[in-house]
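This report concerns only the one structure given below.
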Amino acid sequence: MIGVIDDGFLNRYRELLDAESAAFDELEHSVEEGDREHYELDFGTWREIVARRIAFLDRHDLMSAPVTTA
C-alpha cells in the first residue's frame, strides 16, 4: 500500500531534499579545496541525510524496486 502524500509529507520531504542539497554543496567545496579532513566529515553528513531521506520514503511505503529497461 502506498503511503499518504499530503502537505505535511511534502513539506518534510522538501526539508530533507534541502538538507541533502546543502550537505552535498559542503561536500563539493571540500573536494574542490582538497580538504581531506572536511571531506570525510562532509561525506558522512551527506550519507546520513541521504539515509534519513530513504528511511522517510520507506516509512511511507514509497520505496520501490529499481526501474529497468529492456
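By convention here, the chains of the C-alpha cells are called A, B, ... in the order presented, each chain's residues are numbered starting at 1, and ligands are numbered starting at 1 in the order presented.
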Neighbouring residues of Ala22 in chain A were defined as those with any atom within 12 Å, considering only C-alpha atoms; residues of the same chain fewer than 2 positions away were excluded. Please report them as an mmCIF file with C-alpha atoms, in the first residue's frame.
```cif
data_model
loop_
_atom_site.group_PDB
_atom_site.id
_atom_site.type_symbol
_atom_site.label_atom_id
_atom_site.label_comp_id
_atom_site.auth_asym_id
_atom_site.auth_seq_id
_atom_site.Cartn_x
_atom_site.Cartn_y
_atom_site.Cartn_z
ATOM 1 C CA GLU A 15 13.229 19.747 4.114
ATOM 2 C CA LEU A 16 15.129 16.505 3.604
ATOM 3 C CA LEU A 17 15.930 17.387 -0.015
ATOM 4 C CA ASP A 18 17.128 20.859 1.015
ATOM 5 C CA ALA A 19 19.323 19.376 3.757
ATOM 6 C CA GLU A 20 20.735 16.860 1.284
ATOM 7 C CA PHE A 24 26.269 17.982 -0.951
ATOM 8 C CA ASP A 25 27.334 21.593 -1.533
ATOM 9 C CA GLU A 26 29.603 21.381 1.513
ATOM 10 C CA LEU A 27 30.995 18.082 0.256
ATOM 11 C CA GLU A 28 31.646 19.624 -3.145
ATOM 12 C CA HIS A 29 33.541 22.527 -1.555
ATOM 13 C CA ASP A 42 31.022 16.267 4.960
ATOM 14 C CA PHE A 43 30.747 12.883 3.250
ATOM 15 C CA THR A 45 26.948 14.108 6.947
ATOM 16 C CA TRP A 46 25.702 13.775 3.382
ATOM 17 C CA ILE A 49 20.974 12.761 5.349
ATOM 18 C CA VAL A 50 20.515 10.508 2.306
#
```
Using DSSP assignments from the backbone, pull out every residue in chain A that falls under alpha helix (DSSP H) and give it to me as a PyMOL selection string. chain A and resi 7-33+36-59
